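S.K.: The structure file input_39.txt (compact mmCIF, C-alpha atoms and all ligand atoms) is provided below.
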```txt
# COMPACT_ATOMS: atom_id res chain seq x y z
CA MET A 1 -42.18 0.70 60.46
CA LYS A 2 -43.28 3.83 62.28
CA ALA A 3 -40.79 5.63 64.53
CA ILE A 4 -40.74 8.94 66.37
CA ARG A 5 -37.53 10.62 65.41
CA PHE A 6 -35.88 13.76 66.72
CA HIS A 7 -34.78 15.92 63.81
CA GLY A 8 -33.81 18.98 65.83
CA ARG A 9 -35.20 21.49 68.32
CA LYS A 10 -39.01 21.20 68.64
CA ASP A 11 -38.96 18.96 65.59
CA LEU A 12 -40.28 15.46 66.30
CA ARG A 13 -41.66 13.49 63.37
CA LEU A 14 -43.57 10.26 63.07
CA ASP A 15 -41.39 8.80 60.29
CA GLU A 16 -41.63 5.64 58.23
CA ILE A 17 -38.24 3.90 58.42
CA PRO A 18 -36.91 0.37 57.63
CA ILE A 19 -37.31 -2.35 60.27
CA PRO A 20 -33.85 -2.96 61.81
CA GLU A 21 -32.07 -6.18 60.78
CA LEU A 22 -31.62 -9.05 63.23
CA LYS A 23 -28.13 -10.55 63.69
CA SER A 24 -27.51 -13.94 65.31
CA ASP A 25 -26.96 -12.52 68.83
CA ASP A 26 -29.74 -9.91 68.60
CA ILE A 27 -33.25 -9.77 69.99
CA LYS A 28 -36.02 -7.95 68.19
CA ILE A 29 -38.53 -6.34 70.54
CA LYS A 30 -41.89 -4.71 70.03
CA PRO A 31 -41.71 -1.77 72.48
CA ALA A 32 -44.86 -1.50 74.62
CA TYR A 33 -44.66 1.71 76.67
CA VAL A 34 -42.05 4.44 76.48
CA GLY A 35 -41.64 7.14 79.14
CA ILE A 36 -40.79 10.73 78.24
CA CYS A 37 -37.86 11.75 80.38
CA GLY A 38 -36.39 15.10 81.42
CA THR A 39 -33.47 14.41 79.06
CA ASP A 40 -35.87 14.01 76.11
CA LEU A 41 -37.61 17.22 77.10
CA HIS A 42 -34.30 19.06 77.31
CA GLU A 43 -33.38 17.86 73.80
CA TYR A 44 -36.82 18.87 72.53
CA GLU A 45 -36.69 22.36 74.05
CA ASP A 46 -33.02 23.26 73.57
CA GLY A 47 -31.37 20.44 71.61
CA PRO A 48 -29.60 18.78 70.07
CA ILE A 49 -27.49 18.61 73.26
CA VAL A 50 -26.37 14.99 73.70
CA ILE A 51 -28.03 13.60 70.56
CA PRO A 52 -25.21 13.52 68.00
CA SER A 53 -25.40 15.83 64.97
CA THR A 54 -22.47 13.93 63.46
CA SER A 55 -21.66 10.20 63.66
CA HIS A 56 -21.54 9.06 67.36
CA ARG A 57 -18.06 7.77 68.29
CA VAL A 58 -19.39 4.42 69.58
CA THR A 59 -22.68 3.75 67.78
CA GLY A 60 -22.00 5.63 64.52
CA GLU A 61 -25.58 6.94 64.58
CA GLN A 62 -26.70 10.57 64.29
CA LEU A 63 -29.72 12.83 63.69
CA PRO A 64 -32.49 12.14 62.90
CA LEU A 65 -32.64 9.69 65.79
CA THR A 66 -35.48 7.56 67.22
CA LEU A 67 -36.07 8.65 70.84
CA GLY A 68 -37.00 6.52 73.85
CA HIS A 69 -34.72 5.14 76.58
CA GLU A 70 -37.31 4.34 79.29
CA PHE A 71 -39.25 1.41 77.91
CA SER A 72 -40.74 -2.03 78.24
CA GLY A 73 -41.61 -4.42 75.45
CA VAL A 74 -42.35 -7.90 74.22
CA VAL A 75 -39.78 -10.11 72.47
CA TYR A 76 -40.84 -10.59 68.84
CA GLU A 77 -37.97 -12.56 67.31
CA VAL A 78 -34.58 -13.84 68.48
CA GLY A 79 -31.33 -14.41 66.56
CA SER A 80 -30.05 -17.96 65.99
CA ALA A 81 -27.44 -17.72 68.79
CA VAL A 82 -29.90 -16.46 71.44
CA THR A 83 -30.99 -19.12 73.97
CA SER A 84 -32.23 -17.24 77.04
CA TYR A 85 -35.21 -15.37 75.53
CA LYS A 86 -38.05 -16.41 73.29
CA PRO A 87 -40.86 -14.61 71.44
CA GLY A 88 -43.55 -13.42 73.84
CA ASP A 89 -41.21 -12.75 76.80
CA ARG A 90 -41.97 -9.47 78.56
CA VAL A 91 -38.82 -7.43 79.04
CA VAL A 92 -37.29 -4.09 79.92
CA VAL A 93 -34.16 -2.65 78.35
CA GLN A 94 -31.25 -1.20 80.32
CA PRO A 95 -30.26 1.47 77.81
CA VAL A 96 -26.65 2.17 78.86
CA ILE A 97 -24.08 1.58 76.11
CA TYR A 98 -20.62 1.09 77.65
CA ASP A 99 -17.32 -0.17 76.25
CA GLY A 100 -16.53 -2.61 79.10
CA THR A 101 -12.81 -1.90 78.76
CA CYS A 102 -12.13 1.60 80.15
CA GLY A 103 -10.92 2.35 83.67
CA ALA A 104 -14.45 3.06 84.93
CA CYS A 105 -15.92 -0.13 83.43
CA LYS A 106 -13.04 -2.19 84.89
CA GLN A 107 -14.20 -0.95 88.31
CA ALA A 108 -17.78 -2.02 87.41
CA GLN A 109 -18.78 1.65 87.12
CA ILE A 110 -20.49 1.34 83.75
CA ASN A 111 -22.40 4.50 84.71
CA CYS A 112 -19.15 6.45 84.47
CA CYS A 113 -17.84 4.76 81.27
CA TYR A 114 -15.46 7.06 79.40
CA ASN A 115 -17.24 6.17 76.13
CA MET A 116 -20.79 5.98 77.41
CA GLY A 117 -23.77 6.21 75.16
CA PHE A 118 -27.50 5.63 75.54
CA ILE A 119 -30.05 3.74 73.52
CA GLY A 120 -32.49 6.51 72.65
CA THR A 121 -29.95 9.33 72.59
CA SER A 122 -26.82 7.79 70.97
CA SER A 123 -28.56 5.01 69.04
CA ALA A 124 -32.14 4.36 67.92
CA GLY A 125 -34.50 4.10 70.91
CA GLY A 126 -37.79 2.47 71.81
CA LEU A 127 -40.22 4.91 70.21
CA ALA A 128 -40.67 2.64 67.19
CA GLU A 129 -42.63 -0.43 66.22
CA PHE A 130 -39.45 -2.51 66.56
CA ILE A 131 -36.03 -2.20 68.15
CA VAL A 132 -33.13 -4.64 67.94
CA VAL A 133 -30.78 -4.94 70.94
CA LYS A 134 -28.15 -7.35 72.25
CA GLU A 135 -29.28 -9.90 74.84
CA SER A 136 -27.12 -8.27 77.54
CA PHE A 137 -29.36 -5.17 77.56
CA LEU A 138 -32.48 -7.12 78.56
CA PHE A 139 -34.10 -7.86 81.90
CA ARG A 140 -37.17 -10.01 82.39
CA LEU A 141 -40.28 -8.32 83.76
CA PRO A 142 -41.76 -10.25 86.75
CA ASP A 143 -45.12 -11.90 85.87
CA ASN A 144 -47.04 -9.65 88.26
CA VAL A 145 -45.57 -6.39 86.93
CA SER A 146 -47.46 -4.82 84.04
CA LEU A 147 -45.82 -3.49 80.88
CA ASP A 148 -46.70 0.14 81.71
CA VAL A 149 -44.99 -0.14 85.10
CA GLY A 150 -42.09 -1.79 83.26
CA ALA A 151 -41.45 1.51 81.49
CA MET A 152 -40.82 3.06 84.95
CA VAL A 153 -37.93 0.70 85.80
CA GLU A 154 -35.30 2.96 84.21
CA PRO A 155 -36.15 6.15 86.16
CA LEU A 156 -36.68 4.07 89.31
CA ALA A 157 -33.18 2.57 88.85
CA VAL A 158 -31.73 6.11 88.70
CA ALA A 159 -33.47 6.85 92.00
CA TRP A 160 -32.53 3.48 93.55
CA HIS A 161 -28.87 4.07 92.76
CA SER A 162 -28.90 7.45 94.52
CA THR A 163 -30.21 5.82 97.71
CA ASP A 164 -27.34 3.30 97.50
CA VAL A 165 -24.82 6.10 96.98
CA ALA A 166 -26.31 7.78 100.07
CA ASN A 167 -25.81 4.57 102.10
CA VAL A 168 -29.17 5.30 103.64
CA ARG A 169 -30.31 3.18 106.63
CA PRO A 170 -33.90 2.60 107.79
CA SER A 171 -33.43 4.76 110.90
CA ASP A 172 -32.18 7.73 108.86
CA SER A 173 -34.25 10.80 108.15
CA VAL A 174 -34.01 11.99 104.56
CA LEU A 175 -34.75 15.30 102.86
CA ILE A 176 -35.59 15.14 99.14
CA LEU A 177 -35.18 18.42 97.28
CA GLY A 178 -37.71 18.53 94.44
CA GLY A 179 -40.96 16.61 94.00
CA GLY A 180 -40.69 16.04 90.25
CA PRO A 181 -40.55 12.59 88.59
CA ILE A 182 -37.10 11.75 89.99
CA GLY A 183 -37.91 13.13 93.46
CA ILE A 184 -41.05 10.97 93.56
CA ALA A 185 -39.06 7.93 92.34
CA VAL A 186 -36.53 8.54 95.14
CA LEU A 187 -39.42 8.70 97.61
CA LEU A 188 -40.74 5.29 96.44
CA CYS A 189 -37.27 3.71 96.63
CA LEU A 190 -36.66 5.08 100.14
CA LYS A 191 -39.98 3.64 101.29
CA ALA A 192 -39.04 0.30 99.68
CA LYS A 193 -35.85 0.35 101.76
CA GLY A 194 -37.81 0.89 104.98
CA ILE A 195 -37.04 4.56 105.59
CA SER A 196 -39.94 6.06 107.49
CA ASN A 197 -38.98 9.71 107.97
CA ILE A 198 -38.95 11.34 104.54
CA ILE A 199 -39.28 15.10 104.04
CA VAL A 200 -39.92 16.56 100.59
CA SER A 201 -39.24 20.20 99.74
CA GLU A 202 -41.22 21.42 96.75
CA VAL A 203 -42.81 24.67 95.55
CA ALA A 204 -45.48 23.61 93.02
CA ALA A 205 -48.90 22.88 94.53
CA GLY A 206 -49.58 19.88 92.28
CA ARG A 207 -46.28 18.28 93.16
CA LYS A 208 -46.71 18.94 96.88
CA LYS A 209 -50.01 17.07 96.72
CA LEU A 210 -48.37 14.19 94.86
CA ALA A 211 -45.54 13.95 97.41
CA THR A 212 -48.15 13.62 100.17
CA GLN A 213 -50.08 10.98 98.17
CA PHE A 214 -46.87 8.99 97.64
CA GLY A 215 -46.25 8.89 101.37
CA ALA A 216 -43.84 11.70 102.29
CA THR A 217 -43.88 12.16 106.07
CA HIS A 218 -43.61 15.94 105.73
CA VAL A 219 -43.97 18.16 102.68
CA LEU A 220 -42.40 21.61 103.04
CA ASP A 221 -42.59 24.61 100.74
CA PRO A 222 -39.47 26.81 100.66
CA THR A 223 -41.63 29.83 99.76
CA GLU A 224 -43.65 29.40 102.98
CA ASP A 225 -41.51 27.36 105.38
CA ASP A 226 -38.02 27.76 106.77
CA VAL A 227 -37.12 24.32 105.41
CA ALA A 228 -33.78 23.97 107.24
CA ALA A 229 -35.27 25.02 110.60
CA ARG A 230 -38.25 22.70 110.11
CA CYS A 231 -35.95 19.80 109.21
CA ARG A 232 -33.92 20.28 112.37
CA GLN A 233 -37.11 20.51 114.42
CA ILE A 234 -38.57 17.35 112.86
CA CYS A 235 -35.27 15.44 113.32
CA ASP A 236 -34.48 15.64 117.08
CA ASN A 237 -33.31 19.27 116.74
CA GLU A 238 -30.24 17.87 114.96
CA GLY A 239 -31.18 17.79 111.28
CA VAL A 240 -31.43 15.15 108.56
CA HIS A 241 -28.96 12.32 107.99
CA VAL A 242 -29.27 12.41 104.21
CA VAL A 243 -30.30 14.92 101.55
CA ILE A 244 -31.01 13.81 98.00
CA ASP A 245 -30.96 16.77 95.64
CA ALA A 246 -33.26 16.20 92.71
CA ALA A 247 -33.78 19.92 92.09
CA GLY A 248 -30.38 21.40 91.31
CA VAL A 249 -30.94 25.00 92.40
CA GLN A 250 -28.72 27.25 94.55
CA SER A 251 -31.32 27.96 97.25
CA GLY A 252 -31.95 24.21 97.59
CA LEU A 253 -28.30 23.41 98.17
CA ASP A 254 -27.98 26.27 100.68
CA THR A 255 -30.98 24.86 102.55
CA ALA A 256 -29.61 21.32 102.35
CA ILE A 257 -26.34 22.27 104.04
CA GLU A 258 -28.27 24.07 106.81
CA ALA A 259 -30.71 21.17 107.20
CA CYS A 260 -27.92 18.59 107.67
CA ARG A 261 -26.91 17.17 111.01
CA VAL A 262 -23.24 16.53 111.77
CA ARG A 263 -21.69 13.97 109.37
CA ALA A 264 -24.72 13.98 107.08
CA THR A 265 -24.49 13.08 103.40
CA ILE A 266 -25.80 15.13 100.49
CA VAL A 267 -26.25 13.18 97.26
CA ASN A 268 -26.70 15.18 94.08
CA ILE A 269 -28.76 13.50 91.38
CA ALA A 270 -29.77 16.71 89.56
CA LEU A 271 -28.16 18.14 86.45
CA TRP A 272 -27.43 21.80 87.12
CA GLY A 273 -27.98 24.55 84.58
CA LYS A 274 -25.34 26.64 86.36
CA SER A 275 -22.73 25.48 88.91
CA PRO A 276 -23.62 26.52 92.48
CA THR A 277 -21.52 28.19 95.11
CA VAL A 278 -21.09 25.97 98.15
CA ALA A 279 -20.92 26.94 101.83
CA VAL A 280 -17.75 24.90 102.29
CA ASN A 281 -16.99 26.20 105.77
CA THR A 282 -20.30 24.87 107.08
CA MET A 283 -19.53 21.61 105.31
CA ILE A 284 -16.21 21.42 107.15
CA TYR A 285 -17.64 22.22 110.59
CA LYS A 286 -20.39 19.62 110.17
CA GLU A 287 -18.14 17.15 108.27
CA ILE A 288 -20.77 16.89 105.55
CA THR A 289 -20.09 14.51 102.66
CA TYR A 290 -21.20 15.64 99.18
CA LYS A 291 -21.52 12.93 96.55
CA GLY A 292 -22.64 12.65 92.94
CA SER A 293 -24.93 9.88 91.74
CA ALA A 294 -24.92 9.02 88.03
CA ILE A 295 -27.63 6.83 86.46
CA TYR A 296 -27.13 3.25 87.77
CA VAL A 297 -24.71 0.36 87.91
CA GLN A 298 -25.22 -3.32 86.98
CA GLY A 299 -27.53 -4.76 89.61
CA ASP A 300 -29.77 -1.72 90.13
CA PHE A 301 -32.23 -2.75 87.39
CA GLN A 302 -32.64 -6.22 88.90
CA GLN A 303 -33.09 -4.82 92.41
CA VAL A 304 -35.83 -2.48 91.17
CA LEU A 305 -37.52 -5.34 89.27
CA ASP A 306 -37.40 -7.51 92.43
CA ALA A 307 -38.80 -4.65 94.55
CA LEU A 308 -41.63 -4.11 92.05
CA GLY A 309 -42.33 -7.86 91.98
CA ASN A 310 -42.48 -8.27 95.76
CA GLY A 311 -44.42 -5.04 96.27
CA LYS A 312 -41.73 -3.19 98.23
CA ILE A 313 -41.90 -0.45 95.62
CA ALA A 314 -45.59 0.32 95.91
CA ASN A 315 -47.71 2.71 93.85
CA ALA A 316 -45.29 2.89 90.90
CA LYS A 317 -48.37 2.72 88.68
CA ASP A 318 -49.66 5.94 90.25
CA MET A 319 -46.62 7.76 88.84
CA ILE A 320 -48.18 7.33 85.39
CA THR A 321 -50.30 10.46 85.06
CA LYS A 322 -51.11 10.06 81.37
CA LYS A 323 -50.88 7.61 78.48
CA ILE A 324 -50.82 8.83 74.90
CA GLU A 325 -50.46 7.33 71.41
CA MET A 326 -47.46 7.78 69.10
CA SER A 327 -49.43 10.31 67.04
CA GLU A 328 -49.90 12.50 70.15
CA VAL A 329 -46.22 12.84 71.05
CA ASP A 330 -46.08 16.63 70.56
CA GLU A 331 -49.00 17.00 72.97
CA GLY A 332 -47.13 14.85 75.52
CA PHE A 333 -44.04 17.06 75.37
CA ARG A 334 -46.20 20.18 75.57
CA LEU A 335 -48.00 18.91 78.69
CA LEU A 336 -44.70 18.12 80.42
CA VAL A 337 -43.70 21.77 79.98
CA GLU A 338 -47.03 23.54 80.54
CA ASP A 339 -48.63 21.21 83.10
CA LYS A 340 -45.49 19.93 84.79
CA ALA A 341 -46.80 20.49 88.31
CA ASN A 342 -49.52 17.91 87.73
CA GLN A 343 -47.65 15.44 85.53
CA VAL A 344 -45.22 12.85 86.85
CA LYS A 345 -44.78 10.37 84.01
CA ILE A 346 -46.34 10.46 80.58
CA LEU A 347 -46.09 7.15 78.72
CA ILE A 348 -46.39 6.68 75.00
CA ARG A 349 -48.14 3.48 73.94
CA VAL A 350 -46.23 1.78 71.12
CA ALA A 351 -46.77 -1.37 69.05
CA GLY A 352 -46.47 -3.93 71.87
CA GLY A 353 -48.61 -1.95 74.35
CA ASP A 354 -51.69 -3.62 75.85
ZN ZN B 1 -16.11 2.04 79.80
```
What would you get if you wrote out this structure as structure tokens?
Ligand SMILES: [Zn+2]

M.R.:
Amino acid sequence: MKAIRFHGRKDLRLDEIPIPELKSDDIKIKPAYVGICGTDLHEYEDGPIVIPSTSHRVTGEQLPLTLGHEFSGVVYEVGSAVTSYKPGDRVVVQPVIYDGTCGACKQAQINCCYNMGFIGTSSAGGLAEFIVVKESFLFRLPDNVSLDVGAMVEPLAVAWHSTDVANVRPSDSVLILGGGPIGIAVLLCLKAKGISNIIVSEVAAGRKKLATQFGATHVLDPTEDDVAARCRQICDNEGVHVVIDAAGVQSGLDTAIEACRVRATIVNIALWGKSPTVAVNTMIYKEITYKGSAIYVQGDFQQVLDALGNGKIANAKDMITKKIEMSEVDEGFRLLVEDKANQVKILIRVAGGD
């Protein structure tokens, strides 16, 4: 079968590899659409970072590795012990590999598993004609949700989880730092949860336009606006209740602390290139809570699927700014670097794609 494998920095190849074997409790899927994620891009530009160069401690796999952890697909074949899925079922894959036995997993925090891995970075991913996974990784796609939107469930679950970590209520006002793919996903999840006052801070013109299109109440530009002052002004001269940081830059965090009202919560969802300094005294005087949000826990995938099915997460399809074929993968990665202000999600159409 054909598979897009990561061999090293800026080295993706469309390889011919054996079709994976099916064991009795396995499900063989034809991936339909696979999203290119910031993690993939990071590996492509600067990797290997998390993709193992030697045998991975849990999966045993290593370079070259088939990419793809944001994907939907169609069940092709099921093992003899599988009863809950059948060929033709439309599914999405929750790609987290966790041991289920460590201290984090015992607290149901699979997202913090001490031995965590990922399908698509620690074991072969969805950018292939077939993938074989255990039943427990699968979720059923609602009938009214298309396969391309299915590939957005994973990044939406990351965003959904951050809004849970923030404990955000409908009456809260929220500032999102960064209007990239995750910032936009956070915006859609906040709207699904009934939050009406959502401010997005973003520099790039293309992304500012997108944030407006996706329903941000206010879009501010830190190079033109005093974002903290504007946030206080917009929010009863007090400031925002919640900040979700999807940017991970020093000036953004400084602004966030200034934009917060008393007892506000800042949730960090960004991976930082360099650790920031923090205005801790202001955090004390305002009793600001600072929390991390890591991927998602069991339950987030289903909540996103339900919200897509009942229309509470609207316009997820509009996040797809381009669809490409497997043979065009280099072009997709190039566009995400060079045209990132205008691209939200680029999907790669694979064997099961309609
Ligand atoms: Zn664990």

S.K.: Could you give me the residues within 8 Å of ligand ZN 1 (chain B), counting only C-alpha atoms and all ligand atoms, as JSON, numbers by chain?

M.R.: {"A": [98, 99, 100, 101, 102, 103, 104, 105, 106, 109, 110, 112, 113, 114, 115, 116]}

S.K.: Residues within 7 Å of stretch 185-188 of chain A, please, as a PyMOL selection string. Count all atoms listed in the file; anything in the same chain fewer than 6 positions from it doesn't count.

M.R.: chain A and resi 156+159-160+313-314

S.K.: Show which residues sit within 8 Å of stretch 170-184 of chain A, as a VMD selection string. Count all atoms listed in the file, and ignore same-chain residues fewer than 4 positions away.

M.R.: chain A and resid 155 to 156 158 to 159 188 193 to 202 207 to 208 210 to 211 214 231 235 240 to 247 252 256 319 341 344 to 345

S.K.: Do a neighbour search on stretch 286-299 of chain A at 9 Å with only C-alpha atoms, toss out local chain neighbours closer than 4 positions, and write the hits as number ranges by chain.

M.R.: A: 96, 108-112, 154-155, 157-163, 165-166, 257, 260-270, 281-282, 303-304

S.K.: Find the distance between atom CA of A:Arg334 and atom CA of A:Ala351 and write it in Å to one decimal.

M.R.: 22.5 Å

S.K.: Compare A:Asp318, A:Pro18, A:Leu63, A:Tyr33 by their minimum atom-to-atom distance to A:Gln213, counting all atoms listed in the file, and give me the closest one.

M.R.: A:Asp318

S.K.: Find the distance between atom CA of A:Glu16 and atom CA of A:Ile320 and write it in Å to one decimal.

M.R.: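 According to the coordinates, atom CA of A:Glu16 and atom CA of A:Ile320 are separated by 28.0 Å.
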
S.K.: For the atom pair atom CA of A:Pro276 and atom CA of A:Leu335, what is the interatomic distance in Å to one decimal place?

M.R.: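 Interatomic distance, atom CA of A:Pro276 to atom CA of A:Leu335: 29.0 Å.
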
S.K.: Once you count all atoms listed in the file, which residues end up no further than 8 Å from (-38.2, -2.0, 68.1) in the file's frame, shown as a PyMOL selection string?

M.R.: chain A and resi 19-20+28-31+125-132

S.K.: Enumerate, as a list of chain:residue names, the protein, DNA and RNA residues whose atoms approach (-32.9, 14.8, 60.3) to within 12 Å, taking into account all atoms listed in the file and the coordinate frame of the file.

M.R.: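 Those residues lying close to the given coordinates are A:Ile4, A:Arg5, A:Phe6, A:His7, A:Gly8, A:Arg9, A:Asp11, A:Leu12, A:Arg13, A:Leu14, A:Asp15, A:Pro48, A:Ile51, A:Pro52, A:Ser53, A:Thr54, A:Glu61, A:Gln62, A:Leu63, A:Pro64, A:Leu65, A:Thr66.
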
S.K.: Using all atoms listed in the file, pick whichever of A:Val168, A:Ile27, A:Met283, A:Ala229 has the shortest atom-to-atom distance to A:Thr83.

M.R.: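 Once distances to A:Thr83 are computed over all atoms listed in the file, the minimum belongs to A:Ile27.
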
S.K.: Would you mind listing what lies within 9 Å of A:Phe333 as a VMD selection string, with all atoms listed in the file counted and same-chain residues fewer than 5 positions away left out?

M.R.: chain A and resid 36 40 to 41 44 338 346
